[in-house]
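Structure file entry-v4.csv with CSV, C-alpha atoms and all ligand atoms:
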chain,number,residue,atom,x,y,z
H,1,MET,CA,99.0,63.4,63.7
H,2,ILE,CA,95.5,62.1,64.6
H,3,ASP,CA,92.5,63.7,62.9
H,4,THR,CA,89.8,65.1,65.2
H,5,LEU,CA,86.5,63.4,64.7
H,6,PRO,CA,83.6,65.9,64.2
H,7,PRO,CA,81.5,66.0,67.5
H,8,GLY,CA,78.5,64.4,65.7
H,9,THR,CA,80.5,61.3,65.0
H,10,LEU,CA,81.0,60.8,68.7
H,11,VAL,CA,77.2,60.5,69.3
H,12,LEU,CA,76.6,56.7,69.1
H,13,GLU,CA,73.1,55.4,68.6
H,14,THR,CA,71.7,52.0,69.4
H,15,GLN,CA,68.2,50.8,69.1
H,16,ARG,CA,67.1,52.1,72.5
H,17,LEU,CA,70.0,54.3,73.6
H,18,ARG,CA,72.1,57.3,72.7
H,19,LEU,CA,75.7,57.6,73.8
H,20,ARG,CA,77.2,61.0,73.8
H,21,PRO,CA,80.5,62.4,75.1
H,22,PHE,CA,80.4,63.2,78.9
H,23,THR,CA,80.1,66.9,79.7
H,24,LEU,CA,80.5,68.9,82.9
H,25,SER,CA,76.6,69.0,83.0
H,26,ASP,CA,76.6,65.3,83.6
H,27,GLU,CA,77.8,65.6,87.2
H,28,ASP,CA,74.3,64.5,88.2
H,29,LEU,CA,74.7,61.3,86.3
H,30,ALA,CA,78.3,60.8,87.7
H,31,ARG,CA,76.9,61.2,91.2
H,32,ALA,CA,74.0,58.8,90.5
H,33,LEU,CA,76.5,56.1,89.4
H,34,LEU,CA,79.6,56.7,91.5
H,35,CYS,CA,78.0,57.5,94.8
H,36,ASP,CA,75.5,54.5,94.8
H,37,PRO,CA,76.8,51.5,96.8
H,38,GLN,CA,74.7,49.1,94.7
H,39,VAL,CA,76.3,50.3,91.4
H,40,MET,CA,79.8,50.3,93.0
H,41,ARG,CA,79.4,47.0,94.7
H,42,PHE,CA,82.0,45.3,92.4
H,43,VAL,CA,83.9,48.4,91.4
H,44,THR,CA,85.3,50.3,94.4
H,45,ASP,CA,84.1,52.1,97.5
H,46,PRO,CA,81.3,54.6,96.5
H,47,LEU,CA,82.6,58.1,96.0
H,48,THR,CA,81.5,61.2,97.9
H,49,PRO,CA,79.9,64.0,96.0
H,50,ALA,CA,83.1,66.1,96.5
H,51,GLU,CA,85.1,63.2,95.0
H,52,VAL,CA,82.8,63.1,92.0
H,53,ALA,CA,83.2,66.9,91.6
H,54,ALA,CA,87.0,66.5,91.6
H,55,HIS,CA,86.7,63.6,89.0
H,56,MET,CA,84.7,65.7,86.5
H,57,PRO,CA,87.7,67.3,84.7
H,58,ASN,CA,89.0,63.8,83.9
H,59,ALA,CA,85.5,62.5,83.1
H,60,VAL,CA,85.3,65.0,80.2
H,61,ARG,CA,88.7,64.4,78.8
H,62,ARG,CA,88.9,63.1,75.2
H,63,GLY,CA,91.9,61.4,73.7
H,64,ALA,CA,93.0,60.5,70.2
H,65,GLY,CA,90.9,63.1,68.4
H,66,GLY,CA,87.9,62.4,70.5
H,67,ARG,CA,87.9,58.6,70.3
H,68,ILE,CA,89.0,57.8,73.8
H,69,GLY,CA,87.0,58.9,76.9
H,70,ILE,CA,83.7,58.5,78.7
H,71,TRP,CA,80.2,58.6,77.2
H,72,ALA,CA,76.9,59.5,78.9
H,73,VAL,CA,74.1,57.2,78.0
H,74,GLU,CA,70.5,58.3,77.6
H,75,GLU,CA,67.4,56.2,77.1
H,76,LYS,CA,65.9,57.4,73.7
H,77,ALA,CA,62.3,56.9,74.8
H,78,THR,CA,62.5,59.0,77.9
H,79,GLY,CA,65.7,61.1,77.6
H,80,ALA,CA,66.7,59.8,81.0
H,81,LYS,CA,70.4,59.6,81.7
H,82,ILE,CA,70.9,55.9,82.7
H,83,ALA,CA,74.5,54.9,82.4
H,84,ASP,CA,78.0,55.7,81.3
H,85,GLY,CA,80.2,53.8,78.9
H,86,VAL,CA,84.0,54.1,78.6
H,87,LEU,CA,86.9,53.5,76.3
H,88,THR,CA,89.7,54.5,78.6
H,89,PRO,CA,93.3,53.4,79.5
H,90,ILE,CA,93.2,50.5,82.0
H,91,PRO,CA,95.4,50.9,85.1
H,92,ILE,CA,97.3,47.8,86.1
H,93,ASP,CA,99.2,48.6,89.3
H,94,SER,CA,97.2,51.6,90.3
H,95,THR,CA,93.5,52.1,91.1
H,96,GLU,CA,93.0,55.0,88.7
H,97,PRO,CA,93.5,55.3,84.9
H,98,ASP,CA,96.4,57.5,84.0
H,99,TRP,CA,94.3,60.4,82.8
H,100,ASP,CA,97.4,62.3,81.6
H,101,GLN,CA,97.5,59.8,78.7
H,102,VAL,CA,94.1,61.0,77.5
H,103,VAL,CA,95.3,63.8,75.2
H,104,PRO,CA,93.8,65.1,71.9
H,105,ASP,CA,96.6,64.2,69.6
H,106,ALA,CA,97.7,60.7,70.7
H,107,TYR,CA,96.5,57.3,71.7
H,108,PRO,CA,97.2,56.3,75.3
H,109,THR,CA,100.1,54.0,75.7
H,110,ASP,CA,98.2,51.8,78.2
H,111,LEU,CA,95.7,49.2,76.8
H,112,ILE,CA,92.2,50.5,76.3
H,113,GLU,CA,89.3,49.0,78.3
H,114,VAL,CA,85.6,49.0,77.5
H,115,GLY,CA,83.4,49.5,80.6
H,116,TYR,CA,79.9,50.6,81.7
H,117,LEU,CA,78.0,51.5,84.9
H,118,LEU,CA,74.2,51.5,84.9
H,119,THR,CA,71.8,53.0,87.4
H,120,PRO,CA,69.9,50.2,89.1
H,121,SER,CA,66.5,51.1,87.5
H,122,ALA,CA,68.2,50.4,84.1
H,123,TRP,CA,69.4,46.9,85.0
H,124,GLY,CA,67.8,43.7,83.5
H,125,LYS,CA,66.8,45.3,80.2
H,126,GLY,CA,69.8,44.3,78.1
H,127,TYR,CA,71.2,47.8,78.1
H,128,ALA,CA,74.7,47.0,79.3
H,129,THR,CA,75.1,44.6,76.3
H,130,GLU,CA,73.7,47.3,74.0
H,131,ILE,CA,76.3,49.9,75.4
H,132,CYS,CA,79.2,47.5,75.3
H,133,ALA,CA,78.5,46.2,71.8
H,134,ARG,CA,78.2,49.8,70.5
H,135,LEU,CA,81.4,50.9,72.0
H,136,LEU,CA,83.3,47.9,70.5
H,137,ARG,CA,81.8,48.7,67.1
H,138,PHE,CA,83.0,52.3,67.5
H,139,ALA,CA,86.4,51.1,68.7
H,140,PHE,CA,87.0,48.9,65.6
H,141,GLU,CA,85.2,51.1,63.0
H,142,MET,CA,86.5,54.5,64.1
H,143,THR,CA,89.8,54.1,66.0
H,144,ALA,CA,93.1,52.5,65.2
H,145,LEU,CA,92.9,50.1,68.2
H,146,GLU,CA,93.8,46.5,67.4
H,147,LEU,CA,92.7,45.2,70.9
H,148,VAL,CA,90.2,46.2,73.5
H,149,VAL,CA,90.2,44.7,76.9
H,150,ALA,CA,87.8,44.6,79.8
H,151,CYS,CA,87.9,43.5,83.4
H,152,THR,CA,85.5,42.8,86.2
H,153,ASP,CA,85.6,41.7,89.8
H,154,LEU,CA,86.0,38.0,90.0
H,155,LYS,CA,82.5,37.7,91.5
H,156,ASN,CA,80.7,40.0,89.0
H,157,LEU,CA,79.2,37.2,87.0
H,158,ASN,CA,76.5,39.4,85.4
H,159,SER,CA,79.1,41.8,83.9
H,160,GLN,CA,81.2,38.9,82.7
H,161,LYS,CA,78.1,37.5,80.9
H,162,VAL,CA,77.7,40.9,79.2
H,163,LEU,CA,81.3,40.8,78.0
H,164,ARG,CA,80.9,37.3,76.6
H,165,LYS,CA,77.6,38.2,74.9
H,166,CYS,CA,79.6,41.0,73.1
H,167,GLY,CA,82.1,38.5,71.8
H,168,MET,CA,84.9,39.2,74.3
H,169,ARG,CA,87.2,36.3,75.0
H,170,ASP,CA,87.4,35.1,78.6
H,171,CYS,CA,91.1,35.1,79.4
H,172,GLY,CA,90.8,33.9,83.0
H,173,THR,CA,92.3,36.0,85.7
H,174,GLY,CA,94.5,39.0,85.1
H,175,ARG,CA,95.7,42.1,87.0
H,176,ALA,CA,94.1,45.6,86.8
H,177,TYR,CA,93.2,48.3,89.3
H,178,ALA,CA,96.0,46.8,91.5
H,179,GLU,CA,94.0,43.6,92.0
H,180,THR,CA,93.3,40.2,90.5
H,181,VAL,CA,90.4,40.5,88.1
H,182,ALA,CA,88.5,38.6,85.5
H,183,TRP,CA,90.2,39.6,82.2
H,184,PHE,CA,88.6,39.7,78.8
H,185,GLU,CA,89.9,40.7,75.4
H,186,ILE,CA,88.7,41.2,71.8
H,187,THR,CA,90.9,41.9,68.8
H,188,ARG,CA,90.0,43.7,65.7
H,189,GLU,CA,90.1,40.4,63.9
H,190,ASP,CA,87.8,38.7,66.4
H,191,TRP,CA,85.4,41.6,66.0
H,192,LEU,CA,85.4,41.6,62.2
H,193,VAL,CA,84.7,37.8,62.2
H,194,ARG,CA,81.6,38.4,64.3
H,195,ALA,CA,80.5,41.5,62.5
H,201,LIG,C1,76.2,44.1,85.7
H,201,LIG,C2,75.4,45.1,84.8
H,201,LIG,C3,76.4,45.9,84.0
H,201,LIG,C4,74.5,44.3,84.0
H,201,LIG,O1,73.7,45.2,83.2
H,201,LIG,P1,72.4,44.8,82.4
H,201,LIG,O2,72.0,45.8,81.5
H,201,LIG,O3,71.4,44.3,83.4
H,201,LIG,O4,72.9,43.5,81.6
H,201,LIG,P2,72.5,42.8,80.3
H,201,LIG,O5,72.7,43.6,79.1
H,201,LIG,O6,73.1,41.5,80.3
H,201,LIG,O7,70.9,42.6,80.5
H,201,LIG,C5,70.5,41.7,81.5
H,201,LIG,C6,69.2,41.0,81.1
H,201,LIG,O8,68.2,41.8,80.6
H,201,LIG,C7,67.3,41.0,80.0
H,201,LIG,N1,66.5,41.8,79.0
H,201,LIG,C8,65.3,42.3,79.2
H,201,LIG,N2,64.9,43.0,78.1
H,201,LIG,C9,65.9,42.8,77.1
H,201,LIG,C10,66.0,43.2,75.8
H,201,LIG,N3,65.1,44.0,75.2
H,201,LIG,N4,67.1,42.9,75.1
H,201,LIG,C11,68.1,42.1,75.7
H,201,LIG,N5,68.0,41.7,77.0
H,201,LIG,C12,66.9,42.0,77.7
H,201,LIG,C13,68.0,39.8,79.4
H,201,LIG,O9,67.4,38.7,80.0
H,201,LIG,C14,69.4,40.0,80.0
H,201,LIG,O10,70.0,38.9,80.5
H,201,LIG,P3,70.3,37.5,79.6
H,201,LIG,O11,71.0,38.0,78.3
H,201,LIG,O12,71.3,36.8,80.5
H,201,LIG,O13,69.1,36.8,79.5
H,201,LIG,C15,74.6,46.1,85.7
H,201,LIG,O14,73.9,45.3,86.6
H,201,LIG,C16,75.5,47.1,86.5
H,201,LIG,O15,75.8,48.2,86.0
H,201,LIG,N6,75.9,46.7,87.7
H,201,LIG,C17,76.6,47.5,88.6
H,201,LIG,C18,77.9,48.1,88.0
H,201,LIG,C19,78.8,47.0,87.4
H,201,LIG,O16,78.9,45.9,87.9
H,201,LIG,N7,79.3,47.4,86.3
H,201,LIG,C20,80.3,46.6,85.6
H,201,LIG,C21,81.6,46.8,86.2
H,201,LIG,S1,82.7,45.8,85.3
Hey, can you dump this file as structure tokens for me?
Amino acid sequence: MIDTLPPGTLVLETQRLRLRPFTLSDEDLARALLCDPQVMRFVTDPLTPAEVAAHMPNAVRRGAGGRIGIWAVEEKATGAKIADGVLTPIPIDSTEPDWDQVVPDAYPTDLIEVGYLLTPSAWGKGYATEICARLLRFAFEMTALELVVACTDLKNLNSQKVLRKCGMRDCGTGRAYAETVAWFEITREDWLVRA
């Protein structure tokens, strides 16, 4: 049985950002990210607004007592919604996470990936690193996960740099989202050594 974390525990602060669980009222943020070809350049084809609306029930799912899911990221100084951050099951041979694994009382059986998408106006400020580092801290302080993985398009060098800055090990190429990707990992032990 997994204890449910109190909602306040799922609000994650950094120096400049606030990460809070995604809600249905964040459809505007989901559209700003998922429908923007610049944001989606290395991810997948941009979604249509109708596809984003269909995705929202999954976007607000929480697994493992609240620990697994998607966070909306706000800039503290302005309150603007600027990004998302995820700890979600990584798909290997399909293009979508298996959302059915994101259930309140169990950890997904698939590996958990850390990920982020930022609106273009928020790029170049160190925010992706701040988001990723905070999610890894949460993963190793507040969950039972022993390993967190990440992947990027082979050409997404900026995102690979973010993962390295957060202490993730470059494992070369791997398979995720039904393609060959750049694969990164960090174990609880790696994280503790850095922390
Ligand atoms: C790739 C992407 C995640 C990078 O985000 P980002 O926030 O710009 O990345 P970083 O955290 O590395 O910050 C970039 C630069 O901001 C600069 N910066 C400016 N102010 C800073 C501050 N106060 N603190 C830290 N860095 C700062 C740094 O120079 C940093 O680069 P450097 O460490 O190489 O010098 C972002 O461009 C993005 O979302 N792209 C589209 C979607 C995508 O590819 N997502 C990832 C899918 S795997």
Using 10 Å as the limit and counting all atoms listed in the file, can you tabulate each residue of chain H that touches ligand LIG 201 (chain H), with its shortest atom-to-atom distance in Å and the two atoms involved, as CSV?
residue,atom,partner,partner_atom,distance
H:Gln15,CA,H:LIG201,N3,9.6
H:Arg16,CA,H:LIG201,N3,8.8
H:Leu33,CA,H:LIG201,C18,8.2
H:Leu34,CA,H:LIG201,C18,9.4
H:Asp36,CA,H:LIG201,C17,9.4
H:Pro37,CA,H:LIG201,C17,9.1
H:Gln38,CA,H:LIG201,C17,6.6
H:Val39,CA,H:LIG201,C17,4.0
H:Met40,CA,H:LIG201,C18,5.8
H:Arg41,CA,H:LIG201,C17,6.7
H:Phe42,CA,H:LIG201,O16,5.5
H:Val43,CA,H:LIG201,C21,5.9
H:Thr44,CA,H:LIG201,C21,9.7
H:Ile82,CA,H:LIG201,O15,9.7
H:Ala83,CA,H:LIG201,O15,7.7
H:Asp84,CA,H:LIG201,O15,9.1
H:Gly85,CA,H:LIG201,N7,9.8
H:Val114,CA,H:LIG201,S1,8.9
H:Gly115,CA,H:LIG201,S1,6.0
H:Tyr116,CA,H:LIG201,C20,5.6
H:Leu117,CA,H:LIG201,O15,4.1
H:Leu118,CA,H:LIG201,O15,3.8
H:Thr119,CA,H:LIG201,O15,6.4
H:Pro120,CA,H:LIG201,O14,6.8
H:Ser121,CA,H:LIG201,O3,9.3
H:Ala122,CA,H:LIG201,O2,6.5
H:Trp123,CA,H:LIG201,O3,3.6
H:Gly124,CA,H:LIG201,O8,3.5
H:Lys125,CA,H:LIG201,C8,3.5
H:Gly126,CA,H:LIG201,O7,3.1
H:Tyr127,CA,H:LIG201,O2,4.0
H:Ala128,CA,H:LIG201,O2,3.7
H:Thr129,CA,H:LIG201,O5,3.8
H:Glu130,CA,H:LIG201,O5,6.4
H:Ile131,CA,H:LIG201,O5,8.1
H:Cys132,CA,H:LIG201,O5,8.5
H:Ala133,CA,H:LIG201,O5,9.7
H:Ala150,CA,H:LIG201,S1,7.6
H:Cys151,CA,H:LIG201,S1,6.0
H:Thr152,CA,H:LIG201,S1,4.2
H:Asp153,CA,H:LIG201,S1,6.7
H:Leu154,CA,H:LIG201,S1,9.7
H:Lys155,CA,H:LIG201,O16,9.7
H:Asn156,CA,H:LIG201,O16,6.3
H:Leu157,CA,H:LIG201,C1,7.6
H:Asn158,CA,H:LIG201,C1,4.7
H:Ser159,CA,H:LIG201,C1,4.1
H:Gln160,CA,H:LIG201,S1,7.5
H:Lys161,CA,H:LIG201,O6,6.4
H:Val162,CA,H:LIG201,O6,4.8
H:Leu163,CA,H:LIG201,O6,8.5
H:Arg164,CA,H:LIG201,O6,9.6
H:Lys165,CA,H:LIG201,O11,7.4
H:Cys166,CA,H:LIG201,O5,9.5
H:Val181,CA,H:LIG201,S1,9.8
H:Ala182,CA,H:LIG201,S1,9.2
Between atom CA of Arg169 of chain H and atom CA of Ile90 of chain H, what is the distance in Å, rounded to a tenth?
16.9 Å
Among the residues H:Leu136, H:Ile68, H:Ile92, H:Ala178, the one that comes closest to Pro108 of chain H [using all atoms listed in the file]
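Distance minimum relative to Pro108 of chain H lands on H:Ile68.
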So how many Å separate atom CA of Val148 of chain H and atom CA of Pro6 of chain H, to one decimal?
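Rounded to one decimal, the two atoms are 22.8 Å apart.
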So how many Å separate atom CA of Tyr177 of chain H and atom CA of Val103 of chain H, to one decimal?
21.1 Å
Could you list, as a list in words, every residue within 12 Å of Gln101 of chain H, counting only C-alpha atoms and ignoring same-chain residues fewer than 2 positions away?
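The filter keeps Asn58, Arg61, Arg62, Gly63, Ala64, Ile68, Gly69, Thr88, Pro89, Ile90, Pro91, Glu96, Pro97, Asp98, Trp99, Val103, Pro104, Asp105, Ala106, Tyr107, Pro108, Thr109, Asp110, Leu111 and Ile112 of chain H.
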Can you list, as a compact mmCIF listing (two decimals) with C-alpha atoms, in the coordinates of the input, every protein, DNA or RNA residue that comes within 8 Å of Trp183 of chain H when you count only C-alpha atoms, leaving out same-chain residues fewer than 3 positions away?
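Ended up saving to result25.txt:
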# COMPACT_ATOMS: atom_id res chain seq x y z
CA VAL H 149 90.20 44.70 76.90
CA ALA H 150 87.80 44.60 79.80
CA CYS H 151 87.90 43.50 83.40
CA THR H 152 85.50 42.80 86.20
CA ASP H 170 87.40 35.10 78.60
CA CYS H 171 91.10 35.10 79.40
CA GLY H 172 90.80 33.90 83.00
CA THR H 173 92.30 36.00 85.70
CA GLY H 174 94.50 39.00 85.10
CA ARG H 175 95.70 42.10 87.00
Could you model N, CA and C atoms for segment 39-54 of chain H and present them as an mmCIF file, in the coordinates of the input?
data_model
loop_
_atom_site.group_PDB
_atom_site.id
_atom_site.type_symbol
_atom_site.label_atom_id
_atom_site.label_comp_id
_atom_site.auth_asym_id
_atom_site.auth_seq_id
_atom_site.Cartn_x
_atom_site.Cartn_y
_atom_site.Cartn_z
ATOM 1 N N VAL H 39 75.577 50.270 92.712
ATOM 2 C CA VAL H 39 76.300 50.300 91.400
ATOM 3 C C VAL H 39 77.758 50.021 91.610
ATOM 4 N N MET H 40 78.299 50.454 92.748
ATOM 5 C CA MET H 40 79.800 50.300 93.000
ATOM 6 C C MET H 40 80.158 49.057 93.670
ATOM 7 N N ARG H 41 79.170 48.198 93.919
ATOM 8 C CA ARG H 41 79.400 47.000 94.700
ATOM 9 C C ARG H 41 80.666 46.224 94.253
ATOM 10 N N PHE H 42 80.822 46.042 92.942
ATOM 11 C CA PHE H 42 82.000 45.300 92.400
ATOM 12 C C PHE H 42 83.052 46.142 91.834
ATOM 13 N N VAL H 43 83.001 47.443 92.109
ATOM 14 C CA VAL H 43 83.900 48.400 91.400
ATOM 15 C C VAL H 43 84.950 48.911 92.441
ATOM 16 N N THR H 44 84.464 49.700 93.371
ATOM 17 C CA THR H 44 85.300 50.300 94.400
ATOM 18 C C THR H 44 84.397 50.879 95.451
ATOM 19 N N ASP H 45 84.942 51.466 96.506
ATOM 20 C CA ASP H 45 84.100 52.100 97.500
ATOM 21 C C ASP H 45 83.328 53.264 96.772
ATOM 22 N N PRO H 46 82.062 53.496 97.146
ATOM 23 C CA PRO H 46 81.300 54.600 96.500
ATOM 24 C C PRO H 46 82.094 55.937 96.788
ATOM 25 N N LEU H 47 82.004 56.839 95.809
ATOM 26 C CA LEU H 47 82.600 58.100 96.000
ATOM 27 C C LEU H 47 81.721 59.077 96.745
ATOM 28 N N THR H 48 82.285 60.105 97.330
ATOM 29 C CA THR H 48 81.500 61.200 97.900
ATOM 30 C C THR H 48 81.174 62.178 96.809
ATOM 31 N N PRO H 49 80.139 63.006 96.980
ATOM 32 C CA PRO H 49 79.900 64.000 96.000
ATOM 33 C C PRO H 49 81.089 64.935 95.717
ATOM 34 N N ALA H 50 81.858 65.213 96.743
ATOM 35 C CA ALA H 50 83.100 66.100 96.500
ATOM 36 C C ALA H 50 84.085 65.319 95.671
ATOM 37 N N GLU H 51 84.200 64.009 95.875
ATOM 38 C CA GLU H 51 85.100 63.200 95.000
ATOM 39 C C GLU H 51 84.658 63.194 93.584
ATOM 40 N N VAL H 52 83.338 63.115 93.404
ATOM 41 C CA VAL H 52 82.800 63.100 92.000
ATOM 42 C C VAL H 52 83.129 64.481 91.378
ATOM 43 N N ALA H 53 82.937 65.563 92.117
ATOM 44 C CA ALA H 53 83.200 66.900 91.600
ATOM 45 C C ALA H 53 84.699 66.986 91.147
ATOM 46 N N ALA H 54 85.568 66.411 91.954
ATOM 47 C CA ALA H 54 87.000 66.500 91.600
ATOM 48 C C ALA H 54 87.340 65.595 90.418
#
